[in-house]
Amino acid sequence: MRYLTKTRFKLGIKCPTKLFYTGKKEYPDQRQENEFLAALAEGGFQVGELARQYYKGGTNIETLDHDEAVARTEELMAQDQIVIYEPAFRHNNLFIRLDILVKDGKDLRLIEVKSKSFDSMEDNPFLTKTGKISSGWESYLQDVAFQKYVLGKACPGYEISSFLMMADKNVSCPVDGLNQKFRIMKDSKGRKGVKVSNSLAEEDLRCKILIEVPVDEYVKLIHEGTFEFCGREMSFSSLVEFLSSHYEKDDKITPEIGAKCKGCEFKCDTADEAAGHQSGFKECWKEALGWNDGDFDEPSILDLWNFRKKDACIKAGKTKLNDLTREDIEIKAGKAPGLSASRRQWLQVEKAKNKDASPHFDAAGMKAEMKKWKFPLHHIDFETSRVAIPFLKGRKPYEGIIFQFSHHIVHKDGLVEHAGQYLNAVPGVFPNYECVRELKRQLENDNGTIFRYAAHENSYLLEVRRQLLEDRDPPADRDSLCEFILAVTESDGRKGERSMVDLWELVKKYYYDPATNGSNSIKDVLPAIMNSSSYLQEKYSQPIYGKAGEIKSLNYKDWTWVRGGEDGRILAPYTLLPHVFDKDTDESIERFSDDEKLKEGGAAMTAYCRMQFTEMSGYERDKLENALLKYCELDTFAMVMIYEAWREML
Ligand code: SF4
């Protein structure tokens, strides 16, 4: 039986064509293998288990077999009063498993648990001013709407009320160490689940950090609403019927391409294609536009940076950058120096039209910026996380955690050094105050300019300031830490006297390299600039990084950053990072992906959560810490290299 489950319903409502690709080996799904990691990083496992603790004594339906799960649920539903975890219900080819069901006679409470924060002080968070479901909540409420619909069909005659259970960001955790009482372990069948510590007491659950929010009113809006779908207007029930019947027959719904395709999980990377897999994305675009393989080599409108009119242009048949005109972009000059957003977009289009691969660099604009800087230049980068269940009494769910930073200095004479770092991934330790204290210590020896890449460091520091101010038992140096934070940050028009300079903003204003494909992420800007800067190529093609008498590094030794790839281009430095675990000697350590490298922020956050919530040996912990240190060091060194390349281009 090909069941339309709630996951498939959610997939289909985003794009119905995806129902044809999902679950088929020939169409790799880029997101699937990361489900466990995503749940780990978001706190899904712990939140789910904590919710069950609020409904203690429930019966868990463990089997994954659809028929068995439905049969067992039916058996349990014969009882007048019962709590069931993971009950399964079926109606035709619709199939759901609820998180928690509470049966009391003819009343059913459907509880969907989400690893998401909820602001219980906010008025009417689910609706917009015009009374529509707000876009941020739409997918969560559609999910509950689908479950309630199927449950109603499977259990006629019952009164069903539905709830979302989420972490309340306004509730303080009642005790210390609660998050360490929910550890992720394998069960006897090798499946991952949460082991609740024997020490979990009534006191721990007294003040509930998860809130149960009634959502029937919004679910009703969805059930009674209409949907513009595949060129037709449909009721909710017709939509369910439409998706389920196509899925049951494995009938592909004609693709309607659009801006949504940019993040389609059915895109193949080159390795997948070389292995003979098919790209759902390419199949859709070929079908919709009559494209052939060669068309995908040209820059498409999906690559255009920060452009809001992609859907309108695609509808008008403008699918490649080459098709766009100045009128499509509506170029406006900005008030600030450098490129405005629309000028930058047009620059991207123009370079694509002219097949011009050379970078754009506004030397005069950059020179004016650099004149404002004071040596030594400090480059900093944070690795952060948000954990669902707080570490300490008084802390709230999903508060920001800065568990790591790296710090590079460029001196006036050009000398570069990895000047400092911080990492604290010890389970159950709230690292923020110590981290900011250490950052302050490293930065307060001079008045040099501090650099960040994007807003992340600024917002996390401001969050730590809020935590310090709200702390009922603050550290003795609270005032000096807050003063430091105010000095290096900016917010709401306020600018600290040593406010960090955002390199990302400078990239957007003064630098564009077509090799970035419109992305301003440091992961794309760095390899692009390394390929165009002869200065970087010459300097870093030598093993001088971490070499005595050359560039001081805390985690690398005699390292060469410039290495050529097979295509003659310089390899992206992030791809040079070593595997976390050794292929031969670390065979027994469980891998979470085939190519386990720590090369982006999401992976760093997951590594941190893994060290917090899973059982691991000291050896495994050391390996992960080493990988985190190397990764974060590269992030600040990437900023240094971008600065050096610009300096040499003036
Ligand atoms: S490429 Fe676009 S139309 Fe095709 S499945 Fe992905 S999102 Fe849907």
# chains A, B, ... in the order shown; residues from 1 in each chain; ligands from 1

call {"tool": "residues_around", "arguments": {"residues": "Gly48 (chain A)", "least_positions_apart": "4", "cutoff": "10 Å", "atoms": "only C-alpha atoms", "output": "list in words"}}
result
Gly43, Gly44, Arg52, Gln53, Asp99, Ile100, Glu112, Val113, Lys114, Ser115, Met165, Met166, Gly193 and Val194 of chain A

call {"tool": "write_last_selection", "arguments": {"atoms": "N, CA, C and O atoms", "output": "PDB file, in the first residue's frame"}}
result
ATOM      1  N   GLY A  43      16.820  19.361  19.014  1.00  0.00           N
ATOM      2  CA  GLY A  43      16.356  18.887  20.319  1.00  0.00           C
ATOM      3  C   GLY A  43      15.088  18.067  20.210  1.00  0.00           C
ATOM      4  O   GLY A  43      14.376  17.878  21.202  1.00  0.00           O
ATOM      5  N   GLY A  44      14.796  17.576  18.994  1.00  0.00           N
ATOM      6  CA  GLY A  44      13.563  16.832  18.770  1.00  0.00           C
ATOM      7  C   GLY A  44      13.405  15.619  19.670  1.00  0.00           C
ATOM      8  O   GLY A  44      12.327  15.355  20.195  1.00  0.00           O
ATOM      9  N   ARG A  52       6.286  13.228  26.768  1.00  0.00           N
ATOM     10  CA  ARG A  52       5.726  11.967  27.292  1.00  0.00           C
ATOM     11  C   ARG A  52       5.754  11.948  28.816  1.00  0.00           C
ATOM     12  O   ARG A  52       4.890  11.354  29.449  1.00  0.00           O
ATOM     13  N   GLN A  53       6.774  12.598  29.393  1.00  0.00           N
ATOM     14  CA  GLN A  53       6.856  12.632  30.860  1.00  0.00           C
ATOM     15  C   GLN A  53       5.676  13.390  31.463  1.00  0.00           C
ATOM     16  O   GLN A  53       5.284  13.146  32.590  1.00  0.00           O
ATOM     17  N   ASP A  99       1.885  11.810  17.877  1.00  0.00           N
ATOM     18  CA  ASP A  99       2.907  11.810  18.935  1.00  0.00           C
ATOM     19  C   ASP A  99       2.294  11.273  20.234  1.00  0.00           C
ATOM     20  O   ASP A  99       2.803  10.337  20.821  1.00  0.00           O
ATOM     21  N   ILE A 100       1.202  11.913  20.653  1.00  0.00           N
ATOM     22  CA  ILE A 100       0.527  11.463  21.878  1.00  0.00           C
ATOM     23  C   ILE A 100      -0.982  11.547  21.648  1.00  0.00           C
ATOM     24  O   ILE A 100      -1.470  12.544  21.109  1.00  0.00           O
ATOM     25  N   GLU A 112       0.485  17.084  19.083  1.00  0.00           N
ATOM     26  CA  GLU A 112       1.634  17.046  18.174  1.00  0.00           C
ATOM     27  C   GLU A 112       2.781  17.786  18.860  1.00  0.00           C
ATOM     28  O   GLU A 112       2.662  18.975  19.189  1.00  0.00           O
ATOM     29  N   VAL A 113       3.890  17.100  19.076  1.00  0.00           N
ATOM     30  CA  VAL A 113       5.019  17.702  19.797  1.00  0.00           C
ATOM     31  C   VAL A 113       6.024  18.245  18.779  1.00  0.00           C
ATOM     32  O   VAL A 113       6.423  17.535  17.851  1.00  0.00           O
ATOM     33  N   LYS A 114       6.401  19.489  18.953  1.00  0.00           N
ATOM     34  CA  LYS A 114       7.344  20.104  18.012  1.00  0.00           C
ATOM     35  C   LYS A 114       8.562  20.639  18.752  1.00  0.00           C
ATOM     36  O   LYS A 114       8.423  21.288  19.791  1.00  0.00           O
ATOM     37  N   SER A 115       9.740  20.411  18.172  1.00  0.00           N
ATOM     38  CA  SER A 115      10.950  20.993  18.758  1.00  0.00           C
ATOM     39  C   SER A 115      11.089  22.407  18.201  1.00  0.00           C
ATOM     40  O   SER A 115      11.852  22.660  17.277  1.00  0.00           O
ATOM     41  N   MET A 165       2.352  20.977  21.073  1.00  0.00           N
ATOM     42  CA  MET A 165       3.135  21.088  22.305  1.00  0.00           C
ATOM     43  C   MET A 165       4.551  21.526  21.939  1.00  0.00           C
ATOM     44  O   MET A 165       5.224  20.871  21.139  1.00  0.00           O
ATOM     45  N   MET A 166       4.940  22.685  22.498  1.00  0.00           N
ATOM     46  CA  MET A 166       6.231  23.274  22.127  1.00  0.00           C
ATOM     47  C   MET A 166       6.921  23.841  23.363  1.00  0.00           C
ATOM     48  O   MET A 166       6.305  23.957  24.422  1.00  0.00           O
ATOM     49  N   GLY A 193      16.885   6.453  20.443  1.00  0.00           N
ATOM     50  CA  GLY A 193      15.796   6.999  21.232  1.00  0.00           C
ATOM     51  C   GLY A 193      16.390   7.716  22.428  1.00  0.00           C
ATOM     52  O   GLY A 193      17.612   7.813  22.557  1.00  0.00           O
ATOM     53  N   VAL A 194      15.530   8.189  23.307  1.00  0.00           N
ATOM     54  CA  VAL A 194      16.025   8.932  24.460  1.00  0.00           C
ATOM     55  C   VAL A 194      15.937   8.061  25.704  1.00  0.00           C
ATOM     56  O   VAL A 194      14.910   7.432  25.956  1.00  0.00           O
TER      57      VAL A 194
END

call {"tool": "residues_near_ligand", "arguments": {"ligand": "ligand 1", "cutoff": "9 Å", "atoms": "only C-alpha atoms and all ligand atoms", "output": "PDB file with N, CA and C atoms, in the first residue's frame"}}
result
ATOM      1  N   GLY A  12       4.028  17.069  -0.185  1.00  0.00           N
ATOM      2  CA  GLY A  12       3.156  17.299  -1.337  1.00  0.00           C
ATOM      3  C   GLY A  12       2.547  18.686  -1.343  1.00  0.00           C
ATOM      4  N   LYS A  14       3.978  21.316  -0.255  1.00  0.00           N
ATOM      5  CA  LYS A  14       5.032  22.256  -0.678  1.00  0.00           C
ATOM      6  C   LYS A  14       5.202  22.201  -2.188  1.00  0.00           C
ATOM      7  N   CYS A  15       5.265  20.993  -2.704  1.00  0.00           N
ATOM      8  CA  CYS A  15       5.365  20.802  -4.150  1.00  0.00           C
ATOM      9  C   CYS A  15       4.872  19.380  -4.461  1.00  0.00           C
ATOM     10  N   PRO A  16       3.717  19.257  -5.126  1.00  0.00           N
ATOM     11  CA  PRO A  16       3.130  17.929  -5.325  1.00  0.00           C
ATOM     12  C   PRO A  16       3.984  16.996  -6.190  1.00  0.00           C
ATOM     13  N   THR A  17       4.845  17.567  -7.027  1.00  0.00           N
ATOM     14  CA  THR A  17       5.687  16.714  -7.878  1.00  0.00           C
ATOM     15  C   THR A  17       6.661  15.892  -7.033  1.00  0.00           C
ATOM     16  N   LYS A  18       7.012  16.428  -5.868  1.00  0.00           N
ATOM     17  CA  LYS A  18       7.981  15.730  -5.013  1.00  0.00           C
ATOM     18  C   LYS A  18       7.471  14.353  -4.586  1.00  0.00           C
ATOM     19  N   LEU A  19       6.145  14.190  -4.567  1.00  0.00           N
ATOM     20  CA  LEU A  19       5.593  12.887  -4.158  1.00  0.00           C
ATOM     21  C   LEU A  19       6.032  11.771  -5.098  1.00  0.00           C
ATOM     22  N   PHE A  20       6.327  12.143  -6.330  1.00  0.00           N
ATOM     23  CA  PHE A  20       6.772  11.140  -7.297  1.00  0.00           C
ATOM     24  C   PHE A  20       8.219  10.711  -7.033  1.00  0.00           C
ATOM     25  N   TYR A  21       9.031  11.665  -6.568  1.00  0.00           N
ATOM     26  CA  TYR A  21      10.453  11.360  -6.357  1.00  0.00           C
ATOM     27  C   TYR A  21      10.737  10.721  -4.998  1.00  0.00           C
ATOM     28  N   THR A 254       2.323  17.068 -12.779  1.00  0.00           N
ATOM     29  CA  THR A 254       3.121  17.919 -13.669  1.00  0.00           C
ATOM     30  C   THR A 254       3.817  19.021 -12.879  1.00  0.00           C
ATOM     31  N   PRO A 255       5.138  19.146 -13.040  1.00  0.00           N
ATOM     32  CA  PRO A 255       5.862  20.144 -12.247  1.00  0.00           C
ATOM     33  C   PRO A 255       5.479  21.575 -12.595  1.00  0.00           C
ATOM     34  N   GLU A 256       5.303  22.375 -11.547  1.00  0.00           N
ATOM     35  CA  GLU A 256       5.150  23.823 -11.728  1.00  0.00           C
ATOM     36  C   GLU A 256       6.395  24.440 -11.133  1.00  0.00           C
ATOM     37  N   ILE A 257       7.331  24.765 -11.991  1.00  0.00           N
ATOM     38  CA  ILE A 257       8.618  25.236 -11.473  1.00  0.00           C
ATOM     39  C   ILE A 257       8.493  26.668 -10.945  1.00  0.00           C
ATOM     40  N   GLY A 258       9.399  27.031 -10.060  1.00  0.00           N
ATOM     41  CA  GLY A 258       9.365  28.377  -9.475  1.00  0.00           C
ATOM     42  C   GLY A 258      10.555  28.588  -8.561  1.00  0.00           C
ATOM     43  N   ALA A 259      10.508  29.693  -7.823  1.00  0.00           N
ATOM     44  CA  ALA A 259      11.607  30.019  -6.899  1.00  0.00           C
ATOM     45  C   ALA A 259      11.817  28.899  -5.883  1.00  0.00           C
ATOM     46  N   LYS A 260      10.748  28.158  -5.578  1.00  0.00           N
ATOM     47  CA  LYS A 260      10.838  27.065  -4.596  1.00  0.00           C
ATOM     48  C   LYS A 260      11.857  26.004  -5.031  1.00  0.00           C
ATOM     49  N   CYS A 261      12.110  25.906  -6.337  1.00  0.00           N
ATOM     50  CA  CYS A 261      13.007  24.850  -6.843  1.00  0.00           C
ATOM     51  C   CYS A 261      14.453  25.055  -6.383  1.00  0.00           C
ATOM     52  N   LYS A 262      14.778  26.291  -5.979  1.00  0.00           N
ATOM     53  CA  LYS A 262      16.160  26.582  -5.547  1.00  0.00           C
ATOM     54  C   LYS A 262      16.607  25.610  -4.443  1.00  0.00           C
ATOM     55  N   GLY A 263      15.716  25.365  -3.487  1.00  0.00           N
ATOM     56  CA  GLY A 263      16.108  24.506  -2.364  1.00  0.00           C
ATOM     57  C   GLY A 263      15.579  23.092  -2.499  1.00  0.00           C
ATOM     58  N   CYS A 264      15.253  22.657  -3.720  1.00  0.00           N
ATOM     59  CA  CYS A 264      14.657  21.321  -3.887  1.00  0.00           C
ATOM     60  C   CYS A 264      15.634  20.228  -3.426  1.00  0.00           C
ATOM     61  N   GLU A 265      15.136  19.337  -2.602  1.00  0.00           N
ATOM     62  CA  GLU A 265      15.985  18.267  -2.074  1.00  0.00           C
ATOM     63  C   GLU A 265      16.281  17.187  -3.102  1.00  0.00           C
ATOM     64  N   PHE A 266      15.605  17.241  -4.246  1.00  0.00           N
ATOM     65  CA  PHE A 266      15.835  16.200  -5.255  1.00  0.00           C
ATOM     66  C   PHE A 266      16.828  16.650  -6.331  1.00  0.00           C
ATOM     67  N   LYS A 267      17.690  17.602  -5.942  1.00  0.00           N
ATOM     68  CA  LYS A 267      18.807  17.980  -6.809  1.00  0.00           C
ATOM     69  C   LYS A 267      19.913  16.967  -6.577  1.00  0.00           C
ATOM     70  N   SER A 279      18.451  13.326 -11.214  1.00  0.00           N
ATOM     71  CA  SER A 279      18.115  14.553 -10.500  1.00  0.00           C
ATOM     72  C   SER A 279      16.651  14.876 -10.758  1.00  0.00           C
ATOM     73  N   GLY A 280      15.850  14.852  -9.692  1.00  0.00           N
ATOM     74  CA  GLY A 280      14.446  15.218  -9.827  1.00  0.00           C
ATOM     75  C   GLY A 280      14.322  16.649 -10.322  1.00  0.00           C
ATOM     76  N   PHE A 281      15.202  17.500  -9.818  1.00  0.00           N
ATOM     77  CA  PHE A 281      15.195  18.905 -10.198  1.00  0.00           C
ATOM     78  C   PHE A 281      15.373  19.061 -11.715  1.00  0.00           C
ATOM     79  N   LYS A 282      16.392  18.388 -12.248  1.00  0.00           N
ATOM     80  CA  LYS A 282      16.641  18.518 -13.693  1.00  0.00           C
ATOM     81  C   LYS A 282      15.470  17.970 -14.492  1.00  0.00           C
ATOM     82  N   GLU A 283      14.922  16.868 -13.989  1.00  0.00           N
ATOM     83  CA  GLU A 283      13.800  16.252 -14.693  1.00  0.00           C
ATOM     84  C   GLU A 283      12.625  17.243 -14.793  1.00  0.00           C
ATOM     85  N   CYS A 284      12.358  17.936 -13.670  1.00  0.00           N
ATOM     86  CA  CYS A 284      11.264  18.921 -13.653  1.00  0.00           C
ATOM     87  C   CYS A 284      11.529  20.055 -14.625  1.00  0.00           C
ATOM     88  N   TRP A 285      12.738  20.586 -14.574  1.00  0.00           N
ATOM     89  CA  TRP A 285      13.033  21.763 -15.405  1.00  0.00           C
ATOM     90  C   TRP A 285      13.080  21.395 -16.889  1.00  0.00           C
ATOM     91  N   ALA A 288       9.372  21.047 -17.822  1.00  0.00           N
ATOM     92  CA  ALA A 288       8.627  22.310 -17.867  1.00  0.00           C
ATOM     93  C   ALA A 288       9.112  23.234 -18.978  1.00  0.00           C
TER      94      ALA A 288
END

call {"tool": "residues_around", "arguments": {"residues": "Ser120 (chain A)", "least_positions_apart": "5", "cutoff": "8 Å", "atoms": "only C-alpha atoms", "output": "MDAnalysis selection string"}}
result
chainID A and resid 168:170

call {"tool": "residues_around", "arguments": {"residues": "Ile401 (chain A)", "least_positions_apart": "3", "cutoff": "9 Å", "atoms": "only C-alpha atoms", "output": "PDB file with N, CA, C and O atoms, in the first residue's frame"}}
result
ATOM      1  N   GLU A 383      30.857  29.694  17.111  1.00  0.00           N
ATOM      2  CA  GLU A 383      30.015  28.524  16.822  1.00  0.00           C
ATOM      3  C   GLU A 383      28.970  28.495  17.933  1.00  0.00           C
ATOM      4  O   GLU A 383      29.312  28.640  19.117  1.00  0.00           O
ATOM      5  N   THR A 384      27.745  28.300  17.532  1.00  0.00           N
ATOM      6  CA  THR A 384      26.650  28.463  18.491  1.00  0.00           C
ATOM      7  C   THR A 384      25.626  27.339  18.379  1.00  0.00           C
ATOM      8  O   THR A 384      25.630  26.572  17.413  1.00  0.00           O
ATOM      9  N   SER A 385      24.760  27.308  19.359  1.00  0.00           N
ATOM     10  CA  SER A 385      23.695  26.315  19.338  1.00  0.00           C
ATOM     11  C   SER A 385      22.508  26.873  20.126  1.00  0.00           C
ATOM     12  O   SER A 385      22.624  27.907  20.787  1.00  0.00           O
ATOM     13  N   ARG A 386      21.392  26.200  20.023  1.00  0.00           N
ATOM     14  CA  ARG A 386      20.240  26.515  20.880  1.00  0.00           C
ATOM     15  C   ARG A 386      19.711  25.176  21.357  1.00  0.00           C
ATOM     16  O   ARG A 386      19.335  24.351  20.532  1.00  0.00           O
ATOM     17  N   VAL A 387      19.732  24.948  22.620  1.00  0.00           N
ATOM     18  CA  VAL A 387      19.251  23.647  23.088  1.00  0.00           C
ATOM     19  C   VAL A 387      17.844  23.782  23.656  1.00  0.00           C
ATOM     20  O   VAL A 387      17.501  24.782  24.275  1.00  0.00           O
ATOM     21  N   TYR A 398      15.695  26.986  24.285  1.00  0.00           N
ATOM     22  CA  TYR A 398      16.220  27.524  23.028  1.00  0.00           C
ATOM     23  C   TYR A 398      16.951  28.855  23.180  1.00  0.00           C
ATOM     24  O   TYR A 398      16.964  29.677  22.273  1.00  0.00           O
ATOM     25  N   PHE A 430      26.957  25.377  30.942  1.00  0.00           N
ATOM     26  CA  PHE A 430      26.491  26.573  30.222  1.00  0.00           C
ATOM     27  C   PHE A 430      27.716  27.450  29.969  1.00  0.00           C
ATOM     28  O   PHE A 430      28.296  27.994  30.917  1.00  0.00           O
ATOM     29  N   PRO A 431      28.150  27.565  28.695  1.00  0.00           N
ATOM     30  CA  PRO A 431      29.475  28.145  28.467  1.00  0.00           C
ATOM     31  C   PRO A 431      29.516  29.662  28.257  1.00  0.00           C
ATOM     32  O   PRO A 431      30.588  30.242  28.197  1.00  0.00           O
ATOM     33  N   ASN A 432      28.349  30.306  28.135  1.00  0.00           N
ATOM     34  CA  ASN A 432      28.319  31.673  27.604  1.00  0.00           C
ATOM     35  C   ASN A 432      29.170  32.701  28.359  1.00  0.00           C
ATOM     36  O   ASN A 432      29.908  33.468  27.747  1.00  0.00           O
ATOM     37  N   TYR A 460      24.365  37.186  18.919  1.00  0.00           N
ATOM     38  CA  TYR A 460      24.608  36.282  20.059  1.00  0.00           C
ATOM     39  C   TYR A 460      25.195  37.034  21.257  1.00  0.00           C
ATOM     40  O   TYR A 460      24.856  36.743  22.401  1.00  0.00           O
ATOM     41  N   VAL A 464      23.642  37.241  25.028  1.00  0.00           N
ATOM     42  CA  VAL A 464      24.346  36.942  26.289  1.00  0.00           C
ATOM     43  C   VAL A 464      24.185  38.122  27.256  1.00  0.00           C
ATOM     44  O   VAL A 464      24.012  37.929  28.468  1.00  0.00           O
TER      45      VAL A 464
END

call {"tool": "atom_distance", "arguments": {"atom1": "CA of Tyr54 (chain A)", "atom2": "CA of Glu159 (chain A)"}}
result
22.1 Å

call {"tool": "atom_distance", "arguments": {"atom1": "CA of Pro299 (chain A)", "atom2": "CA of Tyr511 (chain A)"}}
result
18.9 Å

call {"tool": "atom_distance", "arguments": {"atom1": "CA of Leu98 (chain A)", "atom2": "CA of Leu110 (chain A)"}}
result
7.1 Å

call {"tool": "residues_around", "arguments": {"residues": "region 137-151 of chain A", "least_positions_apart": "2", "cutoff": "9 Å", "atoms": "only C-alpha atoms", "output": "MDAnalysis selection string"}}
result
chainID A and resid 6:7 9:10 13:14 89:91 94:98 110:112 114 125:127 133:135 153:156 160:164 215:216 218:220 222:223 236:237 240

call {"tool": "write_last_selection", "arguments": {"atoms": "C-alpha atoms", "output": "compact mmCIF listing (two decimals), in the first residue's frame"}}
result
# COMPACT_ATOMS: atom_id res chain seq x y z
CA LYS A 6 1.83 13.22 7.28
CA THR A 7 5.43 13.60 6.09
CA PHE A 9 1.35 15.27 2.91
CA LYS A 10 3.68 18.07 4.06
CA ILE A 13 1.66 20.54 -0.13
CA LYS A 14 5.03 22.26 -0.68
CA PHE A 89 -4.56 5.26 12.27
CA ARG A 90 -5.49 4.51 8.71
CA HIS A 91 -8.23 5.59 6.36
CA LEU A 94 -4.06 7.84 4.44
CA PHE A 95 -1.87 6.83 7.36
CA ILE A 96 -0.81 8.75 10.46
CA ARG A 97 1.10 8.17 13.67
CA LEU A 98 0.36 10.70 16.37
CA LEU A 110 -4.38 14.83 19.64
CA ILE A 111 -1.02 16.23 20.73
CA GLU A 112 1.63 17.05 18.17
CA LYS A 114 7.34 20.10 18.01
CA PRO A 125 0.82 34.39 17.03
CA PHE A 126 -0.86 32.04 14.56
CA LEU A 127 -2.75 34.65 12.57
CA ILE A 133 -2.69 31.70 9.09
CA SER A 134 0.72 33.30 9.39
CA SER A 135 3.32 31.84 7.05
CA LYS A 153 -12.16 9.59 9.32
CA ALA A 154 -10.63 6.64 11.17
CA CYS A 155 -12.53 7.25 14.41
CA PRO A 156 -15.99 8.59 13.55
CA ILE A 160 -11.35 15.48 18.73
CA SER A 161 -9.38 18.42 20.10
CA SER A 162 -5.93 19.21 18.78
CA PHE A 163 -2.86 20.75 20.38
CA LEU A 164 0.69 21.74 19.51
CA VAL A 215 -5.06 24.88 17.79
CA ASP A 216 -8.58 23.72 16.81
CA TYR A 218 -6.72 27.39 13.22
CA VAL A 219 -7.15 23.81 12.10
CA LYS A 220 -10.80 24.68 11.38
CA ILE A 222 -7.49 25.18 7.22
CA HIS A 223 -10.21 22.53 6.94
CA PHE A 236 -8.92 20.71 2.06
CA SER A 237 -10.54 17.32 1.54
CA VAL A 240 -5.94 15.38 0.45

call {"tool": "closest_atom_pairs", "arguments": {"of": "region 99-215 of chain A", "to": "region 609-630 of chain A", "cutoff": "8 Å", "atoms": "only C-alpha atoms", "output": "Markdown table"}}
result
| residue | atom | partner | partner_atom | distance |
| --- | --- | --- | --- | --- |
| A:Gln180 | CA | A:Phe613 | CA | 6.8 |
| A:Phe182 | CA | A:Phe613 | CA | 7.3 |
| A:Arg183 | CA | A:Phe613 | CA | 4.9 |
| A:Ile184 | CA | A:Thr614 | CA | 4.9 |
| A:Met185 | CA | A:Thr614 | CA | 6.5 |

call {"tool": "select_by_dssp", "arguments": {"residues": "region 202-397 of chain A", "states": "alpha helix (DSSP H)", "output": "number ranges by chain"}}
result
A: 202-206, 216-224, 236-249, 270-274, 280-289, 310-315, 326-329, 341-353, 363-371

call {"tool": "write_last_selection", "arguments": {"atoms": "C-alpha atoms", "output": "short mmCIF file (atom, residue, chain, number, x, y, z; two decimals), in the first residue's frame"}}
result
data_model
loop_
_atom_site.label_atom_id
_atom_site.label_comp_id
_atom_site.auth_asym_id
_atom_site.auth_seq_id
_atom_site.Cartn_x
_atom_site.Cartn_y
_atom_site.Cartn_z
CA GLU A 202 8.66 15.23 40.13
CA GLU A 203 10.54 18.42 40.98
CA ASP A 204 12.08 18.42 37.49
CA LEU A 205 8.66 18.41 35.86
CA ARG A 206 6.91 20.72 38.32
CA ASP A 216 -8.58 23.72 16.81
CA GLU A 217 -9.55 27.23 15.76
CA TYR A 218 -6.72 27.39 13.22
CA VAL A 219 -7.15 23.81 12.10
CA LYS A 220 -10.80 24.68 11.38
CA LEU A 221 -9.66 27.59 9.21
CA ILE A 222 -7.49 25.18 7.22
CA HIS A 223 -10.21 22.53 6.94
CA GLU A 224 -12.71 25.11 5.72
CA PHE A 236 -8.92 20.71 2.06
CA SER A 237 -10.54 17.32 1.54
CA SER A 238 -10.11 17.54 -2.27
CA LEU A 239 -6.47 18.46 -1.72
CA VAL A 240 -5.94 15.38 0.45
CA GLU A 241 -7.76 13.24 -2.12
CA PHE A 242 -5.74 14.75 -4.98
CA LEU A 243 -2.39 14.09 -3.28
CA SER A 244 -3.28 10.66 -1.95
CA SER A 245 -4.70 9.35 -5.21
CA HIS A 246 -1.67 10.50 -7.22
CA TYR A 247 0.68 9.06 -4.63
CA GLU A 248 -1.20 5.77 -4.50
CA LYS A 249 -0.96 5.36 -8.28
CA THR A 270 27.94 15.76 -9.44
CA ALA A 271 28.95 12.69 -7.47
CA ASP A 272 25.34 11.45 -7.40
CA GLU A 273 25.00 11.95 -11.13
CA ALA A 274 28.30 10.20 -11.80
CA GLY A 280 14.45 15.22 -9.83
CA PHE A 281 15.19 18.90 -10.20
CA LYS A 282 16.64 18.52 -13.69
CA GLU A 283 13.80 16.25 -14.69
CA CYS A 284 11.26 18.92 -13.65
CA TRP A 285 13.03 21.76 -15.40
CA LYS A 286 13.52 19.73 -18.57
CA GLU A 287 9.85 18.77 -18.54
CA ALA A 288 8.63 22.31 -17.87
CA LEU A 289 10.98 24.17 -20.19
CA LYS A 310 11.81 35.07 -9.43
CA ASP A 311 8.35 33.50 -9.65
CA ALA A 312 6.98 36.32 -11.81
CA CYS A 313 9.98 36.14 -14.16
CA ILE A 314 9.79 32.33 -14.43
CA LYS A 315 6.09 32.63 -15.30
CA ARG A 326 17.25 46.21 -16.55
CA GLU A 327 13.47 46.65 -16.26
CA ASP A 328 13.12 43.26 -14.59
CA ILE A 329 15.64 44.25 -11.95
CA ALA A 341 21.08 45.47 -3.80
CA SER A 342 19.58 46.03 -7.26
CA ARG A 343 22.88 47.26 -8.73
CA ARG A 344 24.57 44.16 -7.40
CA GLN A 345 21.86 42.01 -8.96
CA TRP A 346 22.30 43.76 -12.30
CA LEU A 347 26.06 43.35 -12.05
CA GLN A 348 25.50 39.61 -11.64
CA VAL A 349 23.18 39.56 -14.67
CA GLU A 350 25.52 41.68 -16.80
CA LYS A 351 28.53 39.51 -16.06
CA ALA A 352 26.51 36.42 -16.95
CA LYS A 353 25.28 38.00 -20.20
CA ALA A 363 38.93 49.76 -4.85
CA ALA A 364 38.09 53.38 -4.01
CA GLY A 365 35.13 52.38 -1.85
CA MET A 366 37.15 49.72 -0.05
CA LYS A 367 40.08 52.10 0.47
CA ALA A 368 37.75 54.57 2.17
CA GLU A 369 36.50 51.80 4.47
CA MET A 370 40.01 50.57 5.29
CA LYS A 371 41.09 54.08 6.27
#

call {"tool": "closest_residue", "arguments": {"among": "A:Asp524, A:Gly400, A:Ser532, A:Tyr556", "to": "Glu600 (chain A)", "atoms": "only C-alpha atoms"}}
result
A:Asp524

call {"tool": "select_by_dssp", "arguments": {"residues": "region 256-490 of chain A", "states": "strand (DSSP E or B)", "output": "JSON, numbers by chain"}}
result
{"A": [300, 320, 360, 361, 377, 378, 379, 380, 381, 382, 383, 384, 385, 386, 400, 401, 402, 403, 404, 405, 406, 407, 408, 409, 410, 416, 417, 418, 419, 420, 421, 422, 423, 450, 451, 452, 490]}

call {"tool": "residues_around", "arguments": {"residues": "region 535-545 of chain A", "least_positions_apart": "3", "cutoff": "10 Å", "atoms": "only C-alpha atoms", "output": "PyMOL selection string"}}
result
chain A and resi 416-418+529-532+548-553+555-564+570+641-642+644-649
